[in-house]
>>> print(open('upload-v4.cif').read())   # mmCIF, N, CA and C atoms
data_upload
loop_
_atom_site.label_atom_id
_atom_site.label_comp_id
_atom_site.auth_asym_id
_atom_site.auth_seq_id
_atom_site.Cartn_x
_atom_site.Cartn_y
_atom_site.Cartn_z
N GLN A 1 -57.02 -34.83 68.52
CA GLN A 1 -55.85 -35.69 68.74
C GLN A 1 -55.22 -36.03 67.39
N VAL A 2 -53.92 -35.85 67.34
CA VAL A 2 -53.17 -36.16 66.12
C VAL A 2 -52.06 -37.12 66.50
N GLN A 3 -51.95 -38.20 65.79
CA GLN A 3 -50.85 -39.13 65.99
C GLN A 3 -49.89 -39.04 64.82
N LEU A 4 -48.62 -39.01 65.14
CA LEU A 4 -47.58 -38.84 64.14
C LEU A 4 -46.64 -40.04 64.15
N VAL A 5 -46.34 -40.55 62.98
CA VAL A 5 -45.43 -41.69 62.88
C VAL A 5 -44.36 -41.38 61.83
N GLU A 6 -43.12 -41.29 62.29
CA GLU A 6 -42.01 -41.03 61.37
C GLU A 6 -41.47 -42.33 60.79
N SER A 7 -40.88 -42.23 59.62
CA SER A 7 -40.22 -43.36 59.00
C SER A 7 -39.16 -42.83 58.04
N GLY A 8 -38.31 -43.74 57.57
CA GLY A 8 -37.32 -43.35 56.57
C GLY A 8 -35.91 -43.18 57.08
N GLY A 9 -35.73 -43.28 58.39
CA GLY A 9 -34.39 -43.16 58.93
C GLY A 9 -33.54 -44.38 58.61
N GLY A 10 -32.26 -44.30 58.93
CA GLY A 10 -31.39 -45.43 58.69
C GLY A 10 -29.94 -45.05 58.79
N LEU A 11 -29.09 -45.99 58.39
CA LEU A 11 -27.65 -45.79 58.39
C LEU A 11 -27.18 -45.52 56.97
N VAL A 12 -26.55 -44.38 56.78
CA VAL A 12 -26.05 -44.01 55.45
C VAL A 12 -24.63 -43.49 55.57
N GLN A 13 -24.01 -43.31 54.43
CA GLN A 13 -22.66 -42.76 54.40
C GLN A 13 -22.71 -41.26 54.14
N ALA A 14 -21.67 -40.59 54.54
CA ALA A 14 -21.57 -39.15 54.29
C ALA A 14 -21.74 -38.87 52.80
N GLY A 15 -22.55 -37.87 52.49
CA GLY A 15 -22.83 -37.50 51.11
C GLY A 15 -24.10 -38.12 50.55
N ASP A 16 -24.63 -39.12 51.24
CA ASP A 16 -25.86 -39.76 50.80
C ASP A 16 -27.07 -38.87 51.11
N SER A 17 -28.22 -39.31 50.61
CA SER A 17 -29.48 -38.62 50.86
C SER A 17 -30.46 -39.57 51.53
N LEU A 18 -31.38 -39.00 52.27
CA LEU A 18 -32.49 -39.73 52.87
C LEU A 18 -33.73 -38.86 52.80
N ARG A 19 -34.87 -39.51 52.72
CA ARG A 19 -36.12 -38.77 52.82
C ARG A 19 -36.91 -39.33 53.99
N LEU A 20 -37.13 -38.50 54.98
CA LEU A 20 -37.96 -38.87 56.10
C LEU A 20 -39.41 -38.57 55.80
N SER A 21 -40.28 -39.41 56.31
CA SER A 21 -41.72 -39.19 56.19
C SER A 21 -42.34 -39.15 57.57
N CYS A 22 -43.41 -38.42 57.68
CA CYS A 22 -44.17 -38.35 58.92
C CYS A 22 -45.64 -38.41 58.54
N ALA A 23 -46.26 -39.53 58.87
CA ALA A 23 -47.67 -39.73 58.56
C ALA A 23 -48.51 -39.32 59.75
N ALA A 24 -49.54 -38.54 59.48
CA ALA A 24 -50.41 -38.03 60.54
C ALA A 24 -51.80 -38.63 60.45
N SER A 25 -52.37 -38.92 61.60
CA SER A 25 -53.74 -39.41 61.64
C SER A 25 -54.68 -38.20 61.70
N GLY A 26 -55.95 -38.45 61.50
CA GLY A 26 -56.92 -37.39 61.66
C GLY A 26 -57.26 -36.70 60.36
N ARG A 27 -58.38 -35.98 60.39
CA ARG A 27 -58.88 -35.33 59.18
C ARG A 27 -58.52 -33.85 59.09
N THR A 28 -57.78 -33.36 60.10
CA THR A 28 -57.49 -31.93 60.14
C THR A 28 -56.02 -31.65 59.89
N PHE A 29 -55.35 -32.52 59.19
CA PHE A 29 -53.90 -32.38 58.97
C PHE A 29 -53.57 -31.04 58.36
N SER A 30 -54.39 -30.58 57.42
CA SER A 30 -54.10 -29.33 56.72
C SER A 30 -54.17 -28.12 57.64
N SER A 31 -54.76 -28.28 58.82
CA SER A 31 -54.85 -27.19 59.79
C SER A 31 -53.60 -27.06 60.65
N TYR A 32 -52.69 -28.00 60.50
CA TYR A 32 -51.49 -28.02 61.34
C TYR A 32 -50.25 -27.67 60.54
N SER A 33 -49.45 -26.81 61.12
CA SER A 33 -48.09 -26.62 60.63
C SER A 33 -47.25 -27.76 61.19
N MET A 34 -46.27 -28.16 60.40
CA MET A 34 -45.47 -29.33 60.78
C MET A 34 -44.01 -28.95 60.90
N GLY A 35 -43.40 -29.41 61.96
CA GLY A 35 -42.00 -29.12 62.18
C GLY A 35 -41.16 -30.39 62.24
N TRP A 36 -39.90 -30.22 61.94
CA TRP A 36 -38.91 -31.29 62.10
C TRP A 36 -37.85 -30.82 63.09
N PHE A 37 -37.57 -31.66 64.06
CA PHE A 37 -36.56 -31.40 65.06
C PHE A 37 -35.64 -32.61 65.11
N ARG A 38 -34.47 -32.42 65.71
CA ARG A 38 -33.57 -33.55 65.90
C ARG A 38 -32.87 -33.44 67.24
N GLN A 39 -32.45 -34.59 67.74
CA GLN A 39 -31.74 -34.63 69.00
C GLN A 39 -30.61 -35.63 68.91
N ALA A 40 -29.40 -35.12 69.05
CA ALA A 40 -28.21 -35.97 69.06
C ALA A 40 -27.90 -36.38 70.50
N PRO A 41 -27.18 -37.47 70.67
CA PRO A 41 -26.86 -37.93 72.04
C PRO A 41 -26.16 -36.84 72.84
N GLY A 42 -26.68 -36.60 74.03
CA GLY A 42 -26.08 -35.62 74.93
C GLY A 42 -26.38 -34.18 74.59
N LYS A 43 -27.23 -33.97 73.60
CA LYS A 43 -27.55 -32.60 73.18
C LYS A 43 -29.05 -32.34 73.31
N GLU A 44 -29.40 -31.07 73.33
CA GLU A 44 -30.81 -30.70 73.40
C GLU A 44 -31.47 -30.88 72.03
N ARG A 45 -32.78 -31.03 72.08
CA ARG A 45 -33.53 -31.11 70.84
C ARG A 45 -33.43 -29.77 70.11
N GLU A 46 -33.18 -29.83 68.81
CA GLU A 46 -33.02 -28.59 68.05
C GLU A 46 -33.91 -28.59 66.81
N PHE A 47 -34.31 -27.40 66.45
CA PHE A 47 -35.15 -27.20 65.27
C PHE A 47 -34.36 -27.45 64.00
N VAL A 48 -35.00 -28.06 63.03
CA VAL A 48 -34.38 -28.30 61.73
C VAL A 48 -35.14 -27.55 60.64
N ALA A 49 -36.44 -27.79 60.55
CA ALA A 49 -37.24 -27.21 59.47
C ALA A 49 -38.70 -27.26 59.86
N ALA A 50 -39.49 -26.44 59.19
CA ALA A 50 -40.93 -26.46 59.41
C ALA A 50 -41.63 -26.01 58.14
N ILE A 51 -42.87 -26.46 58.00
CA ILE A 51 -43.68 -26.03 56.87
C ILE A 51 -45.03 -25.63 57.41
N SER A 52 -45.43 -24.41 57.09
CA SER A 52 -46.64 -23.83 57.66
C SER A 52 -47.87 -24.24 56.87
N THR A 53 -49.02 -24.06 57.50
CA THR A 53 -50.27 -24.25 56.78
C THR A 53 -50.45 -23.14 55.75
N TYR A 54 -49.91 -21.98 56.02
CA TYR A 54 -50.13 -20.82 55.16
C TYR A 54 -49.23 -20.88 53.93
N ALA A 55 -49.81 -21.24 52.81
CA ALA A 55 -49.10 -21.24 51.52
C ALA A 55 -47.88 -22.15 51.52
N GLY A 56 -47.84 -23.08 52.47
CA GLY A 56 -46.70 -23.99 52.52
C GLY A 56 -45.38 -23.30 52.76
N VAL A 57 -45.43 -22.15 53.43
CA VAL A 57 -44.19 -21.43 53.73
C VAL A 57 -43.29 -22.32 54.57
N THR A 58 -42.01 -22.33 54.24
CA THR A 58 -41.05 -23.17 54.96
C THR A 58 -40.04 -22.33 55.73
N TYR A 59 -39.56 -22.90 56.79
CA TYR A 59 -38.53 -22.28 57.63
C TYR A 59 -37.44 -23.32 57.87
N TYR A 60 -36.21 -22.84 57.95
CA TYR A 60 -35.08 -23.73 58.17
C TYR A 60 -34.10 -23.11 59.14
N THR A 61 -33.42 -23.99 59.88
CA THR A 61 -32.30 -23.51 60.63
C THR A 61 -31.16 -23.25 59.64
N ASP A 62 -30.23 -22.40 60.01
CA ASP A 62 -29.19 -22.00 59.08
C ASP A 62 -28.43 -23.19 58.51
N SER A 63 -28.16 -24.18 59.32
CA SER A 63 -27.38 -25.33 58.86
C SER A 63 -28.15 -26.20 57.88
N ALA A 64 -29.46 -26.08 57.88
CA ALA A 64 -30.29 -26.91 57.01
C ALA A 64 -30.59 -26.25 55.68
N LYS A 65 -30.43 -24.95 55.60
CA LYS A 65 -30.74 -24.24 54.36
C LYS A 65 -29.87 -24.76 53.23
N GLY A 66 -30.50 -25.08 52.12
CA GLY A 66 -29.78 -25.59 50.97
C GLY A 66 -29.43 -27.05 51.04
N GLN A 67 -29.65 -27.66 52.20
CA GLN A 67 -29.33 -29.08 52.36
C GLN A 67 -30.59 -29.91 52.59
N PHE A 68 -31.53 -29.37 53.34
CA PHE A 68 -32.77 -30.08 53.65
C PHE A 68 -33.94 -29.35 53.00
N ILE A 69 -34.95 -30.13 52.64
CA ILE A 69 -36.16 -29.55 52.06
C ILE A 69 -37.38 -30.18 52.72
N ALA A 70 -38.22 -29.34 53.31
CA ALA A 70 -39.46 -29.80 53.91
C ALA A 70 -40.60 -29.63 52.91
N SER A 71 -41.49 -30.61 52.88
CA SER A 71 -42.66 -30.52 52.01
C SER A 71 -43.79 -31.29 52.67
N ARG A 72 -44.99 -31.10 52.13
CA ARG A 72 -46.14 -31.78 52.70
C ARG A 72 -47.12 -32.17 51.60
N ASP A 73 -47.87 -33.22 51.87
CA ASP A 73 -48.92 -33.68 50.98
C ASP A 73 -50.18 -33.77 51.83
N ASN A 74 -51.06 -32.80 51.69
CA ASN A 74 -52.25 -32.76 52.53
C ASN A 74 -53.27 -33.82 52.15
N VAL A 75 -53.14 -34.41 50.98
CA VAL A 75 -54.03 -35.52 50.60
C VAL A 75 -53.60 -36.80 51.32
N LYS A 76 -52.30 -36.99 51.39
CA LYS A 76 -51.76 -38.19 52.05
C LYS A 76 -51.54 -37.98 53.54
N ASN A 77 -51.81 -36.78 54.04
CA ASN A 77 -51.58 -36.48 55.46
C ASN A 77 -50.14 -36.78 55.87
N THR A 78 -49.22 -36.37 55.04
CA THR A 78 -47.82 -36.70 55.27
C THR A 78 -46.93 -35.48 55.05
N VAL A 79 -45.94 -35.37 55.89
CA VAL A 79 -44.93 -34.34 55.71
C VAL A 79 -43.59 -35.05 55.49
N TYR A 80 -42.74 -34.43 54.70
CA TYR A 80 -41.48 -35.03 54.32
C TYR A 80 -40.31 -34.12 54.68
N LEU A 81 -39.17 -34.73 54.88
CA LEU A 81 -37.92 -33.99 55.01
C LEU A 81 -36.89 -34.67 54.11
N GLN A 82 -36.61 -34.02 53.00
CA GLN A 82 -35.58 -34.51 52.10
C GLN A 82 -34.24 -34.01 52.60
N MET A 83 -33.34 -34.93 52.88
CA MET A 83 -32.04 -34.57 53.43
C MET A 83 -30.96 -34.98 52.44
N ASN A 84 -30.22 -34.01 51.96
CA ASN A 84 -29.18 -34.25 50.96
C ASN A 84 -27.80 -33.98 51.55
N SER A 85 -26.79 -34.55 50.90
CA SER A 85 -25.39 -34.31 51.29
C SER A 85 -25.21 -34.47 52.80
N LEU A 86 -25.67 -35.58 53.31
CA LEU A 86 -25.64 -35.80 54.74
C LEU A 86 -24.22 -35.87 55.28
N LYS A 87 -24.07 -35.37 56.50
CA LYS A 87 -22.78 -35.31 57.17
C LYS A 87 -22.87 -36.08 58.49
N PRO A 88 -21.75 -36.53 59.01
CA PRO A 88 -21.80 -37.23 60.31
C PRO A 88 -22.47 -36.41 61.41
N GLU A 89 -22.34 -35.10 61.36
CA GLU A 89 -22.96 -34.25 62.38
C GLU A 89 -24.48 -34.17 62.24
N ASP A 90 -25.03 -34.73 61.18
CA ASP A 90 -26.49 -34.82 61.04
C ASP A 90 -27.04 -36.04 61.78
N THR A 91 -26.18 -36.85 62.34
CA THR A 91 -26.62 -38.02 63.09
C THR A 91 -27.44 -37.60 64.29
N ALA A 92 -28.64 -38.14 64.40
CA ALA A 92 -29.56 -37.77 65.48
C ALA A 92 -30.84 -38.57 65.34
N VAL A 93 -31.67 -38.48 66.35
CA VAL A 93 -33.06 -38.93 66.23
C VAL A 93 -33.86 -37.74 65.70
N TYR A 94 -34.60 -37.98 64.65
CA TYR A 94 -35.39 -36.92 64.02
C TYR A 94 -36.86 -37.10 64.39
N TYR A 95 -37.46 -35.99 64.82
CA TYR A 95 -38.85 -36.00 65.26
C TYR A 95 -39.66 -35.05 64.38
N CYS A 96 -40.88 -35.46 64.08
CA CYS A 96 -41.81 -34.50 63.50
C CYS A 96 -42.79 -34.07 64.59
N ALA A 97 -43.36 -32.90 64.40
CA ALA A 97 -44.26 -32.33 65.39
C ALA A 97 -45.32 -31.50 64.69
N ALA A 98 -46.46 -31.37 65.34
CA ALA A 98 -47.60 -30.65 64.75
C ALA A 98 -47.99 -29.48 65.63
N ALA A 99 -48.20 -28.33 65.00
CA ALA A 99 -48.64 -27.12 65.68
C ALA A 99 -49.89 -26.61 64.99
N LEU A 100 -50.95 -26.40 65.74
CA LEU A 100 -52.20 -25.95 65.14
C LEU A 100 -52.06 -24.54 64.59
N GLY A 101 -52.51 -24.34 63.37
CA GLY A 101 -52.47 -23.01 62.77
C GLY A 101 -51.18 -22.75 62.02
N SER A 102 -51.06 -21.51 61.57
CA SER A 102 -49.92 -21.13 60.75
C SER A 102 -48.73 -20.71 61.61
N LEU A 103 -47.56 -20.94 61.09
CA LEU A 103 -46.33 -20.42 61.67
C LEU A 103 -45.96 -19.18 60.87
N LEU A 104 -45.80 -18.07 61.56
CA LEU A 104 -45.62 -16.80 60.86
C LEU A 104 -44.18 -16.31 60.86
N THR A 105 -43.37 -16.82 61.72
CA THR A 105 -41.97 -16.41 61.78
C THR A 105 -41.11 -17.62 62.07
N VAL A 106 -39.81 -17.49 61.78
CA VAL A 106 -38.90 -18.60 62.08
C VAL A 106 -38.78 -18.78 63.59
N ALA A 107 -38.88 -17.70 64.33
CA ALA A 107 -38.83 -17.81 65.79
C ALA A 107 -39.97 -18.66 66.31
N GLU A 108 -41.14 -18.45 65.73
CA GLU A 108 -42.29 -19.25 66.13
C GLU A 108 -42.08 -20.72 65.73
N ALA A 109 -41.52 -20.93 64.55
CA ALA A 109 -41.29 -22.29 64.07
C ALA A 109 -40.30 -23.04 64.96
N LYS A 110 -39.34 -22.34 65.54
CA LYS A 110 -38.33 -22.96 66.38
C LYS A 110 -38.82 -23.24 67.79
N ASN A 111 -39.94 -22.69 68.16
CA ASN A 111 -40.41 -22.73 69.54
C ASN A 111 -41.02 -24.08 69.88
N VAL A 112 -40.31 -24.91 70.62
CA VAL A 112 -40.77 -26.27 70.91
C VAL A 112 -42.16 -26.30 71.55
N PRO A 113 -42.47 -25.44 72.54
CA PRO A 113 -43.81 -25.48 73.15
C PRO A 113 -44.94 -25.13 72.18
N ARG A 114 -44.61 -24.57 71.04
CA ARG A 114 -45.64 -24.23 70.04
C ARG A 114 -46.28 -25.50 69.48
N TYR A 115 -45.56 -26.60 69.56
CA TYR A 115 -46.01 -27.84 68.95
C TYR A 115 -46.73 -28.70 69.99
N THR A 116 -47.89 -29.19 69.60
CA THR A 116 -48.73 -29.94 70.53
C THR A 116 -48.47 -31.44 70.46
N TYR A 117 -48.25 -31.92 69.27
CA TYR A 117 -48.11 -33.36 69.08
C TYR A 117 -46.74 -33.69 68.51
N TRP A 118 -46.21 -34.81 68.96
CA TRP A 118 -44.88 -35.25 68.56
C TRP A 118 -44.90 -36.73 68.18
N GLY A 119 -44.07 -37.06 67.19
CA GLY A 119 -43.88 -38.45 66.85
C GLY A 119 -42.86 -39.11 67.76
N GLN A 120 -42.63 -40.37 67.53
CA GLN A 120 -41.73 -41.14 68.39
C GLN A 120 -40.28 -41.01 67.96
N GLY A 121 -40.04 -40.48 66.78
CA GLY A 121 -38.69 -40.28 66.29
C GLY A 121 -38.19 -41.40 65.41
N THR A 122 -37.26 -41.06 64.53
CA THR A 122 -36.61 -42.04 63.68
C THR A 122 -35.10 -41.74 63.68
N GLN A 123 -34.30 -42.78 63.82
CA GLN A 123 -32.86 -42.61 63.94
C GLN A 123 -32.22 -42.42 62.57
N VAL A 124 -31.39 -41.42 62.47
CA VAL A 124 -30.56 -41.21 61.28
C VAL A 124 -29.11 -41.25 61.72
N THR A 125 -28.35 -42.14 61.12
CA THR A 125 -26.93 -42.27 61.44
C THR A 125 -26.13 -42.11 60.16
N VAL A 126 -25.19 -41.17 60.18
CA VAL A 126 -24.37 -40.89 59.01
C VAL A 126 -22.93 -41.25 59.35
N SER A 127 -22.39 -42.20 58.64
CA SER A 127 -21.01 -42.63 58.87
C SER A 127 -20.07 -41.85 57.97
N SER A 128 -18.87 -41.66 58.45
CA SER A 128 -17.88 -40.89 57.66
C SER A 128 -17.07 -41.80 56.74
#
>>> encode(input="upload-v4.cif", output="structure tokens")
Amino acid sequence: QVQLVESGGGLVQAGDSLRLSCAASGRTFSSYSMGWFRQAPGKEREFVAAISTYAGVTYYTDSAKGQFIASRDNVKNTVYLQMNSLKPEDTAVYYCAAALGSLLTVAEAKNVPRYTYWGQGTQVTVSS
């Protein structure tokens, strides 16, 4: 069992940066690949980024490349999402999720059922 708690969301202006954190319980954090997803009102949950257990390989959706950076600290059992140059369209609830084992392709990273555990989400609102 892994429990995930996100933090770091808030209300910011366009162009600002935020760093989301996701703290995981348990002693096997390093065995899990971690993903970040978001869900805007009236829209489906969508993949943003993921970081694999294997060599910390990262995957991003096209819109996140160059704007968001996923990282992890296996000592602190925490995964991060650094979000830069935020835009109003980045407004959403952001969720972290854990998938046992390595993610080997971006298709696998995007696959919602691949992830077993989910956090409760943190709201990010970007004003124009």
>>> resolve_selection(input="upload-v4.cif", expression="the PyMOL selection byres ((chain A and resi 86) around 5)", output="list in words")
Ala14, Gly15, Asp16, Asn84, Ser85, Lys87 and Pro88 of chain A
>>> residues_around(input="upload-v4.cif", residues="Tyr54 in chain A", least_positions_apart="5", cutoff="7 Å", atoms="only N, CA and C atoms", output="ChimeraX atom specification")
/A:33,101-103
>>> atom_distance(input="upload-v4.cif", atom1="atom C of Asn77 in chain A", atom2="atom N of Phe29 in chain A")
7.5 Å
>>> select_by_dssp(input="upload-v4.cif", residues="chain A", states="helix (DSSP H, G or I)", output="MDAnalysis selection string")
chainID A and resid 29:31 88:90 106:110 112:114
>>> write_last_selection(input="upload-v4.cif", atoms="N, CA and C atoms", output="PDB file, in the frame of the given file")
ATOM      1  N   PHE A  29     -55.350 -32.520  59.190  1.00  0.00           N
ATOM      2  CA  PHE A  29     -53.900 -32.380  58.970  1.00  0.00           C
ATOM      3  C   PHE A  29     -53.570 -31.040  58.360  1.00  0.00           C
ATOM      4  N   SER A  30     -54.390 -30.580  57.420  1.00  0.00           N
ATOM      5  CA  SER A  30     -54.100 -29.330  56.720  1.00  0.00           C
ATOM      6  C   SER A  30     -54.170 -28.120  57.640  1.00  0.00           C
ATOM      7  N   SER A  31     -54.760 -28.280  58.820  1.00  0.00           N
ATOM      8  CA  SER A  31     -54.850 -27.190  59.790  1.00  0.00           C
ATOM      9  C   SER A  31     -53.600 -27.060  60.650  1.00  0.00           C
ATOM     10  N   PRO A  88     -21.750 -36.530  59.010  1.00  0.00           N
ATOM     11  CA  PRO A  88     -21.800 -37.230  60.310  1.00  0.00           C
ATOM     12  C   PRO A  88     -22.470 -36.410  61.410  1.00  0.00           C
ATOM     13  N   GLU A  89     -22.340 -35.100  61.360  1.00  0.00           N
ATOM     14  CA  GLU A  89     -22.960 -34.250  62.380  1.00  0.00           C
ATOM     15  C   GLU A  89     -24.480 -34.170  62.240  1.00  0.00           C
ATOM     16  N   ASP A  90     -25.030 -34.730  61.180  1.00  0.00           N
ATOM     17  CA  ASP A  90     -26.490 -34.820  61.040  1.00  0.00           C
ATOM     18  C   ASP A  90     -27.040 -36.040  61.780  1.00  0.00           C
ATOM     19  N   VAL A 106     -39.810 -17.490  61.780  1.00  0.00           N
ATOM     20  CA  VAL A 106     -38.900 -18.600  62.080  1.00  0.00           C
ATOM     21  C   VAL A 106     -38.780 -18.780  63.590  1.00  0.00           C
ATOM     22  N   ALA A 107     -38.880 -17.700  64.330  1.00  0.00           N
ATOM     23  CA  ALA A 107     -38.830 -17.810  65.790  1.00  0.00           C
ATOM     24  C   ALA A 107     -39.970 -18.660  66.310  1.00  0.00           C
ATOM     25  N   GLU A 108     -41.140 -18.450  65.730  1.00  0.00           N
ATOM     26  CA  GLU A 108     -42.290 -19.250  66.130  1.00  0.00           C
ATOM     27  C   GLU A 108     -42.080 -20.720  65.730  1.00  0.00           C
ATOM     28  N   ALA A 109     -41.520 -20.930  64.550  1.00  0.00           N
ATOM     29  CA  ALA A 109     -41.290 -22.290  64.070  1.00  0.00           C
ATOM     30  C   ALA A 109     -40.300 -23.040  64.960  1.00  0.00           C
ATOM     31  N   LYS A 110     -39.340 -22.340  65.540  1.00  0.00           N
ATOM     32  CA  LYS A 110     -38.330 -22.960  66.380  1.00  0.00           C
ATOM     33  C   LYS A 110     -38.820 -23.240  67.790  1.00  0.00           C
ATOM     34  N   VAL A 112     -40.310 -24.910  70.620  1.00  0.00           N
ATOM     35  CA  VAL A 112     -40.770 -26.270  70.910  1.00  0.00           C
ATOM     36  C   VAL A 112     -42.160 -26.300  71.550  1.00  0.00           C
ATOM     37  N   PRO A 113     -42.470 -25.440  72.540  1.00  0.00           N
ATOM     38  CA  PRO A 113     -43.810 -25.480  73.150  1.00  0.00           C
ATOM     39  C   PRO A 113     -44.940 -25.130  72.180  1.00  0.00           C
ATOM     40  N   ARG A 114     -44.610 -24.570  71.040  1.00  0.00           N
ATOM     41  CA  ARG A 114     -45.640 -24.230  70.040  1.00  0.00           C
ATOM     42  C   ARG A 114     -46.280 -25.500  69.480  1.00  0.00           C
TER      43      ARG A 114
END
>>> resolve_selection(input="upload-v4.cif", expression="the PyMOL selection byres (((chain A and resi 10 and name CA) around 10) and name CA)", output="ChimeraX atom specification")
/A:7-9,11-12,18,20,91,122-126
>>> decode(input="upload-v4.cif", residues="range 58-104 of chain A", atoms="C-alpha atoms", output="tab-separated table (two decimals), in the first residue's frame")
chain	number	residue	atom	x	y	z
A	58	THR	CA	11.25	11.02	-17.82
A	59	TYR	CA	8.31	11.26	-20.18
A	60	TYR	CA	6.24	14.30	-21.04
A	61	THR	CA	3.18	15.15	-23.00
A	62	ASP	CA	4.01	17.42	-25.93
A	63	SER	CA	2.56	20.51	-24.26
A	64	ALA	CA	4.68	19.95	-21.16
A	65	LYS	CA	8.03	19.49	-22.89
A	66	GLY	CA	10.30	22.40	-22.13
A	67	GLN	CA	7.83	23.83	-19.65
A	68	PHE	CA	7.51	21.19	-16.93
A	69	ILE	CA	10.22	19.12	-15.28
A	70	ALA	CA	9.58	15.95	-13.28
A	71	SER	CA	12.11	14.80	-10.72
A	72	ARG	CA	12.27	12.51	-7.72
A	73	ASP	CA	14.13	12.16	-4.45
A	74	ASN	CA	14.14	8.53	-3.37
A	75	VAL	CA	15.59	9.44	0.03
A	76	LYS	CA	12.72	11.79	0.78
A	77	ASN	CA	10.15	9.55	-0.94
A	78	THR	CA	9.00	12.54	-2.93
A	79	VAL	CA	8.39	13.33	-6.55
A	80	TYR	CA	8.26	16.86	-7.90
A	81	LEU	CA	6.79	18.68	-10.86
A	82	GLN	CA	8.44	21.99	-11.59
A	83	MET	CA	6.06	24.05	-13.69
A	84	ASN	CA	7.41	27.13	-15.44
A	85	SER	CA	5.84	29.83	-17.62
A	86	LEU	CA	2.39	28.82	-16.49
A	87	LYS	CA	-0.57	29.62	-18.72
A	88	PRO	CA	-4.29	29.88	-17.94
A	89	GLU	CA	-4.81	26.61	-19.82
A	90	ASP	CA	-2.63	24.88	-17.22
A	91	THR	CA	-5.41	25.43	-14.69
A	92	ALA	CA	-6.48	22.05	-13.35
A	93	VAL	CA	-6.35	19.68	-10.43
A	94	TYR	CA	-2.99	17.95	-10.56
A	95	TYR	CA	-2.65	14.37	-9.38
A	96	CYS	CA	0.37	12.21	-8.76
A	97	ALA	CA	0.17	8.47	-9.23
A	98	ALA	CA	2.37	5.44	-8.61
A	99	ALA	CA	2.99	2.51	-10.94
A	100	LEU	CA	5.02	-0.48	-9.78
A	101	GLY	CA	8.14	-1.06	-11.85
A	102	SER	CA	9.67	0.82	-14.72
A	103	LEU	CA	7.88	2.72	-17.44
A	104	LEU	CA	9.50	1.83	-20.73
